[in-house]
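This report refers to the structure that appears directly beneath it.
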Amino acid sequence: MATCSRGCAPAVRLCQKLNRLKTLDDDMMATSLKRCLSTLDLTLLGVGGMVGSGLYVLTGTVAKDMVGPAVIISFIFAGFASLLAAFCYAEFGARIPKTGSAYMFTYVSVGEVWAFLIGWNVILENMIGGAAVARAWSGYLDSIFNHAIQNFTETHVMQWNIPFLAHYPDLLAAGILVVASFFISFGVQVSSYLNHIFSVISMCVIIFILIFGFMLAQPENWGEKQGGFAPFGLSGILEGSATCFYAFVGFDVIASSSEEAKNPQKAVPIATAISLGLAATAYILVSTVLTLMVPWSTLDPNSALADAFFRRGYSWAGIIVAIGSICAMNTVLLCNLFSLPRIVYAMAEDGLFFSIFARVNPVTKVPVNAILVFGILMATMALIFDLEALVQFLSIGTLLAYTFVAASVIVLRFQPDKISSKGTASTSPNPNAEPSPAPSESQTITEDSGELKQYESFSDKLQLVERQKSERRGVGQLRAYWEPYLGKLLGDCEPGEVVAFCVLTLIVSSVSLCVVLEFGNNQLQLPLWSFTMLLVIFSLAYVLSMALIWAHEPQTDSKTFQVPLVPLTPGASILINVFLMMKLSYLTWIRFTVWIAIGLLVYFGYGIWHSKEGIRELQPTDMAARYVVLPSGSLVETVQSVQPDGQVDTSAHHISPSTGPTPEEYAGKR
């Protein structure tokens, strides 16, 4: 056994490194960036990230090829699914007001390597998204001038015929990205000001489309002669919902900007709710107008709105729509270029990515190196890659990030707060909190204060643990009602341990259930009995996992926004995200696997060796230990780091009272 333990020790240490969590500062409002964004700024950033080319292109494509006039229902379903994910982002953005979005949220709750892979994929998503929008912007502008730019480039510059590459270098798309990166490097206020201008113009054009479009509406376009309201049935509506879901991708820019918000605890949830509501309303109403103006079967997928006005004899209105489309694409470009460098900066700041990207300009207070380098990389992709090849890779990283963020919400909601030397939860942002001195050996805090209680006698501590267990249930423990039924089976588990296992089971059962639903009848060709049995098994596993999570005590005293109906809301978000990932093509999964492999090479070659959490673990400190009893009734060992200047830093670890050492072993410094 001893030989086995020694042989397994390196693997255990490696697993501990891969799954170590980020330690948050007590003052999470402190930052090297500039906090200057208001609720309005964040709202317009969210609207700009969602209401882009999709409003002018996606509506026509989905209506003509998938749904018909019932595209309205598809956008309602997609908006609801996006709302579940947005709730999770809003809670984390308010609770942990640090840049990095899904990367940061995963780092503080799941583990380091998972956070790195999420950040690594979000980086690629933003690069591809920005490059794809730039090419769409270039193509839309080129179509206004009858493709004069494309013809000139192919004739006088160059062209090639290589798979996955564009037929000609799109100099206009690359140029707009370089110019946008240049402006964004001047600071967050310049970026916000430009976004305000383009967003206001875009919203004015949308209002014009709605007013003038309803004046031209013809209800017979929804009649039986045109196939009715839902010509493709329920299956078409659900297929359209899966596509429309991607129209709402972009609200995470709000969470990415939380470190630059003046009051993130209030601004992030409000901005997320308002921007998602405005975007959903715009998509639903514009889809209604579009399908009432002209028959849905005659829509032009490339420029449906502009073409609809041209066909009704209002060519001047089509020009206004084209201007609005270009402004909307500009806002999406700005949001991609705004959030991408901040994710890179967050990873570099934690030591997981190259440190050159962690440098912040002292004047503009933005990570200029990350902005310029990744802006140029994005411009290079837009220059040479084909739009279709870029779009095929979109979405998988975003859906994976949504899934991990939803899982992180459940884990943190049922996880006891980490106890710091200040007696406060390390995940509760409170910039006005004043540090309190560490209690002395003989100090006893009153039991009703809700704070730590400290004693000298080990036997007294054990008696208090047993008495307080019967009085109060702590976070992550079984609810008192379920204790008689599940206490013998789960009572010995650490607080939050059962919930973490259930979250893993929830994800595995969701993946299994979606695989059976998507591939069971066709690719796998399962007989009916096995198809039904697998559906029942995985559905039961999903439901039982949710029920076990609900049977535990959650955190209820947070002063920031919390996702309602946990674990139902994040659990439903996980299931929807996994289902949408199963809809992606196998080529997308192959590219995703290759990108993950490259990311692991970067992490094991650089990140794991330069991680600040790893460096913090290696710092030598003198330790002193004592017992502490929490209000929940848990007995913990308080380890105090005695610094040379006399300061004491305290951290807590649960120990077992039945097997714990004697008080004499903890009488002095170890």
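Labeling convention for the structure tokens: chains A, B, ... as they appear, residues from 1 per chain, ligands from 1 in order of appearance.
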**Item:** Those of stretch 504-628 of chain A in DSSP strand (DSSP E or B), formatted as a ChimeraX atom specification
**Value:** /A:552,622-628
May I have the residues within 7 Å of stretch 338-345 of chain A as a PDB file with C-alpha atoms, in the first residue's frame, using only C-alpha atoms and disregarding those fewer than 2 positions away in the same chain?
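New file selection29.pdb:
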```
ATOM      1  CA  THR A  99     -12.846  40.577 -16.672  1.00  0.00           C
ATOM      2  CA  GLY A 100     -12.584  37.209 -18.386  1.00  0.00           C
ATOM      3  CA  GLY A 119     -10.862  30.760 -22.419  1.00  0.00           C
ATOM      4  CA  ILE A 123     -10.624  33.419 -27.912  1.00  0.00           C
ATOM      5  CA  ASN A 126     -14.259  35.877 -30.917  1.00  0.00           C
ATOM      6  CA  VAL A 253     -19.632  41.088 -23.563  1.00  0.00           C
ATOM      7  CA  SER A 256     -16.501  40.658 -19.854  1.00  0.00           C
ATOM      8  CA  LEU A 334     -16.547  46.595 -31.815  1.00  0.00           C
ATOM      9  CA  CYS A 335     -17.970  44.131 -29.278  1.00  0.00           C
ATOM     10  CA  ASN A 336     -15.768  41.294 -30.584  1.00  0.00           C
ATOM     11  CA  MET A 347      -5.611  34.654 -18.776  1.00  0.00           C
ATOM     12  CA  ALA A 348      -2.242  36.406 -18.997  1.00  0.00           C
ATOM     13  CA  GLU A 349      -2.835  38.164 -15.675  1.00  0.00           C
ATOM     14  CA  PHE A 357      -0.614  40.395 -22.941  1.00  0.00           C
ATOM     15  CA  ALA A 358      -1.124  41.283 -19.261  1.00  0.00           C
ATOM     16  CA  PRO A 367      -4.429  45.964 -22.622  1.00  0.00           C
ATOM     17  CA  ALA A 370      -3.642  42.142 -26.633  1.00  0.00           C
ATOM     18  CA  ILE A 371      -5.832  44.521 -28.642  1.00  0.00           C
TER      19      ILE A 371
END
```
**7 Å contact set for A:Ser303, only C-alpha atoms, chain neighbours under 4 positions out, as a ChimeraX atom specification** = /A:56-57,307
**Message:** What parts of stretch 122-275 of chain A does DSSP call alpha helix (DSSP H)? I'd like the answer as a PyMOL selection string.
**Reply:** chain A and resi 122-144+148-156+171-184+188-215+233-244+252-256+264-275
Shell around A:Leu400 at 9 Å using only C-alpha atoms, local window under 2 positions removed, as a tab-separated table (two decimals) with N, CA, C and O atoms, in the first residue's frame:
```tsv
chain	number	residue	atom	x	y	z
A	118	ILE	N	-11.74	26.70	-21.67
A	118	ILE	CA	-12.88	27.57	-21.99
A	118	ILE	C	-12.39	28.89	-22.57
A	118	ILE	O	-12.87	29.37	-23.61
A	121	ASN	N	-11.05	28.48	-26.13
A	121	ASN	CA	-12.09	28.37	-27.15
A	121	ASN	C	-12.83	29.68	-27.36
A	121	ASN	O	-13.21	30.01	-28.50
A	395	SER	N	-19.77	28.81	-32.79
A	395	SER	CA	-20.81	28.32	-31.87
A	395	SER	C	-20.37	27.25	-30.90
A	395	SER	O	-20.83	27.24	-29.76
A	396	ILE	N	-19.50	26.33	-31.27
A	396	ILE	CA	-19.21	25.22	-30.37
A	396	ILE	C	-18.52	25.72	-29.10
A	396	ILE	O	-18.83	25.29	-27.99
A	397	GLY	N	-17.58	26.65	-29.24
A	397	GLY	CA	-16.91	27.20	-28.07
A	397	GLY	C	-17.84	28.00	-27.19
A	397	GLY	O	-17.77	27.94	-25.95
A	398	THR	N	-18.74	28.75	-27.82
A	398	THR	CA	-19.72	29.55	-27.06
A	398	THR	C	-20.66	28.64	-26.28
A	398	THR	O	-20.93	28.88	-25.10
A	402	TYR	N	-21.15	28.41	-22.25
A	402	TYR	CA	-22.45	28.52	-21.59
A	402	TYR	C	-22.69	27.34	-20.64
A	402	TYR	O	-23.21	27.50	-19.52
A	403	THR	N	-22.30	26.14	-21.09
A	403	THR	CA	-22.51	24.94	-20.28
A	403	THR	C	-21.70	25.00	-19.00
A	403	THR	O	-22.21	24.72	-17.90
A	404	PHE	N	-20.43	25.38	-19.09
A	404	PHE	CA	-19.58	25.44	-17.90
A	404	PHE	C	-20.01	26.54	-16.95
A	404	PHE	O	-19.93	26.38	-15.72
A	405	VAL	N	-20.47	27.66	-17.49
A	405	VAL	CA	-20.93	28.74	-16.62
A	405	VAL	C	-22.18	28.31	-15.86
A	405	VAL	O	-22.32	28.57	-14.65
A	577	ASN	N	-27.93	23.67	-24.20
A	577	ASN	CA	-26.63	23.90	-24.83
A	577	ASN	C	-26.05	22.61	-25.39
A	577	ASN	O	-25.49	22.59	-26.50
A	578	VAL	N	-26.16	21.52	-24.63
A	578	VAL	CA	-25.64	20.24	-25.10
A	578	VAL	C	-26.41	19.78	-26.34
A	578	VAL	O	-25.83	19.27	-27.31
A	581	MET	N	-25.18	21.61	-29.30
A	581	MET	CA	-23.85	21.14	-29.72
A	581	MET	C	-23.96	19.86	-30.53
A	581	MET	O	-23.16	19.63	-31.45
```
**Request:** Using only C-alpha atoms, pick whichever of A:Phe501, A:Phe92, A:Phe414, A:Phe531 has the shortest atom-to-atom distance to A:Gly476.
**Result:**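 Between A:Phe501, A:Phe92, A:Phe414, A:Phe531, the residue approaching A:Gly476 most closely is A:Phe414.
For the residues A:Glu260, A:Asp350, A:Asp386, A:Glu617, ranking by smallest atom-to-atom distance to A:Val366 using only C-alpha atoms places A:Glu260 first.
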**Prompt:** Pick from A:Ile76, A:Val47, A:Met28, A:Met378: nearest to A:Gly130, with only C-alpha atoms counted?
**Reply:**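 Result for the nearest residue to A:Gly130: A:Met378.
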**Prompt:** When distances are computed from only C-alpha atoms, which of A:Ala30, A:Val122, A:Met329, A:Cys502 shows the smallest separation from A:Leu55?
**Reply:**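 Using only C-alpha atoms, the shortest distance to A:Leu55 belongs to A:Met329.
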Distance table requested - stretch 229-319 of chain A against stretch 553-566 of chain A, cut-off 9 Å, only C-alpha atoms: one row per qualifying residue with the closest atom pair and its distance in Å to one decimal, ordered by chain and rising residue number, as JSON lines.
```
{"residue": "A:Gln265", "atom": "CA", "partner": "A:Thr560", "partner_atom": "CA", "distance": 5.8}
{"residue": "A:Lys266", "atom": "CA", "partner": "A:Thr560", "partner_atom": "CA", "distance": 7.5}
{"residue": "A:Pro269", "atom": "CA", "partner": "A:Phe561", "partner_atom": "CA", "distance": 6.7}
```
Export N, CA, C and O atoms of the chosen residues as an mmCIF file, in the first residue's frame?
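Written file, result-v1.cif:
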```
data_model
loop_
_atom_site.group_PDB
_atom_site.id
_atom_site.type_symbol
_atom_site.label_atom_id
_atom_site.label_comp_id
_atom_site.auth_asym_id
_atom_site.auth_seq_id
_atom_site.Cartn_x
_atom_site.Cartn_y
_atom_site.Cartn_z
ATOM 1 N N GLN A 265 -22.306 45.314 -9.469
ATOM 2 C CA GLN A 265 -23.295 44.524 -8.755
ATOM 3 C C GLN A 265 -24.715 44.830 -9.230
ATOM 4 O O GLN A 265 -25.564 43.942 -9.270
ATOM 5 N N LYS A 266 -24.981 46.059 -9.594
ATOM 6 C CA LYS A 266 -26.307 46.445 -10.087
ATOM 7 C C LYS A 266 -26.339 46.548 -11.613
ATOM 8 O O LYS A 266 -27.321 46.165 -12.250
ATOM 9 N N PRO A 269 -26.507 42.847 -14.004
ATOM 10 C CA PRO A 269 -27.815 42.183 -14.184
ATOM 11 C C PRO A 269 -28.829 43.044 -14.934
ATOM 12 O O PRO A 269 -29.565 42.536 -15.792
#
```
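With distances restricted to only C-alpha atoms, A:Gly233 is the closest residue to A:Val71 from A:Pro219, A:Gly52, A:Gly111, A:Gly233.
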**Asked** So which residues touch A:Val178 within 7 Å, counting only C-alpha atoms, skipping near sequence neighbours fewer than 5 positions away, as a VMD selection string?
**Response** chain A and resid 375 to 376 379
Identify, on the basis of only C-alpha atoms, every residue whose closest approach to A:Val499 does not exceed 10 Å; exclude the query and any residue fewer than 6 positions from it along the same chain; express the result as an mmCIF file with N, CA and C atoms, in the first residue's frame.
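File produced: result.cif:
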```cif
data_model
loop_
_atom_site.group_PDB
_atom_site.id
_atom_site.type_symbol
_atom_site.label_atom_id
_atom_site.label_comp_id
_atom_site.auth_asym_id
_atom_site.auth_seq_id
_atom_site.Cartn_x
_atom_site.Cartn_y
_atom_site.Cartn_z
ATOM 1 N N ILE A 410 -24.350 26.343 -10.253
ATOM 2 C CA ILE A 410 -24.851 25.340 -9.305
ATOM 3 C C ILE A 410 -23.786 25.028 -8.257
ATOM 4 N N VAL A 411 -22.548 24.816 -8.698
ATOM 5 C CA VAL A 411 -21.474 24.450 -7.767
ATOM 6 C C VAL A 411 -21.279 25.533 -6.711
ATOM 7 N N LEU A 412 -21.198 26.785 -7.134
ATOM 8 C CA LEU A 412 -20.959 27.865 -6.183
ATOM 9 C C LEU A 412 -22.165 28.127 -5.288
ATOM 10 N N ARG A 413 -23.374 27.912 -5.805
ATOM 11 C CA ARG A 413 -24.562 28.170 -4.993
ATOM 12 C C ARG A 413 -24.636 27.235 -3.792
ATOM 13 N N PHE A 414 -24.119 26.009 -3.942
ATOM 14 C CA PHE A 414 -24.199 25.034 -2.854
ATOM 15 C C PHE A 414 -22.836 24.778 -2.213
ATOM 16 N N GLN A 415 -21.904 25.687 -2.431
ATOM 17 C CA GLN A 415 -20.568 25.540 -1.865
ATOM 18 C C GLN A 415 -20.388 26.503 -0.705
ATOM 19 N N GLY A 476 -24.581 23.655 1.513
ATOM 20 C CA GLY A 476 -24.038 22.451 0.915
ATOM 21 C C GLY A 476 -24.376 21.184 1.665
ATOM 22 N N GLN A 477 -25.046 21.284 2.816
ATOM 23 C CA GLN A 477 -25.469 20.108 3.567
ATOM 24 C C GLN A 477 -26.919 19.768 3.232
ATOM 25 N N THR A 505 -22.802 14.347 -12.904
ATOM 26 C CA THR A 505 -23.805 13.399 -13.404
ATOM 27 C C THR A 505 -24.818 14.089 -14.308
ATOM 28 N N SER A 545 -30.469 13.710 -10.445
ATOM 29 C CA SER A 545 -29.366 14.628 -10.133
ATOM 30 C C SER A 545 -29.894 15.988 -9.712
ATOM 31 N N MET A 546 -30.886 16.484 -10.447
ATOM 32 C CA MET A 546 -31.493 17.766 -10.093
ATOM 33 C C MET A 546 -32.161 17.692 -8.720
ATOM 34 N N LEU A 548 -31.446 15.650 -6.170
ATOM 35 C CA LEU A 548 -30.445 15.576 -5.101
ATOM 36 C C LEU A 548 -29.798 16.932 -4.843
ATOM 37 N N ILE A 549 -29.555 17.689 -5.900
ATOM 38 C CA ILE A 549 -29.000 19.035 -5.721
ATOM 39 C C ILE A 549 -29.980 19.895 -4.939
ATOM 40 N N TRP A 550 -31.245 19.813 -5.305
ATOM 41 C CA TRP A 550 -32.269 20.631 -4.636
ATOM 42 C C TRP A 550 -32.419 20.252 -3.163
ATOM 43 N N ALA A 551 -32.088 19.013 -2.805
ATOM 44 C CA ALA A 551 -32.237 18.548 -1.426
ATOM 45 C C ALA A 551 -31.174 19.107 -0.494
ATOM 46 N N HIS A 552 -30.242 19.902 -1.000
ATOM 47 C CA HIS A 552 -29.190 20.493 -0.184
ATOM 48 C C HIS A 552 -29.459 21.977 0.055
#
```
Can you list every residue of stretch 267-385 of chain A that has an atom at most 6 Å from stretch 195-217 of chain A, with its nearest atom pair and the distance in Å to one decimal, using only C-alpha atoms, ordered by chain then number, as CSV?
```
residue,atom,partner,partner_atom,distance
A:Val289,CA,A:Gly213,CA,5.5
A:Leu292,CA,A:Ala217,CA,4.9
A:Met293,CA,A:Ala217,CA,4.7
A:Gly324,CA,A:Ser202,CA,4.9
A:Cys327,CA,A:Phe198,CA,5.1
A:Ala328,CA,A:Ser202,CA,5.5
A:Thr331,CA,A:Asn195,CA,5.7
```
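Taking atom CA of A:Thr291 as the reference point, atom CA of A:Gly223 is found at 11.2 Å.
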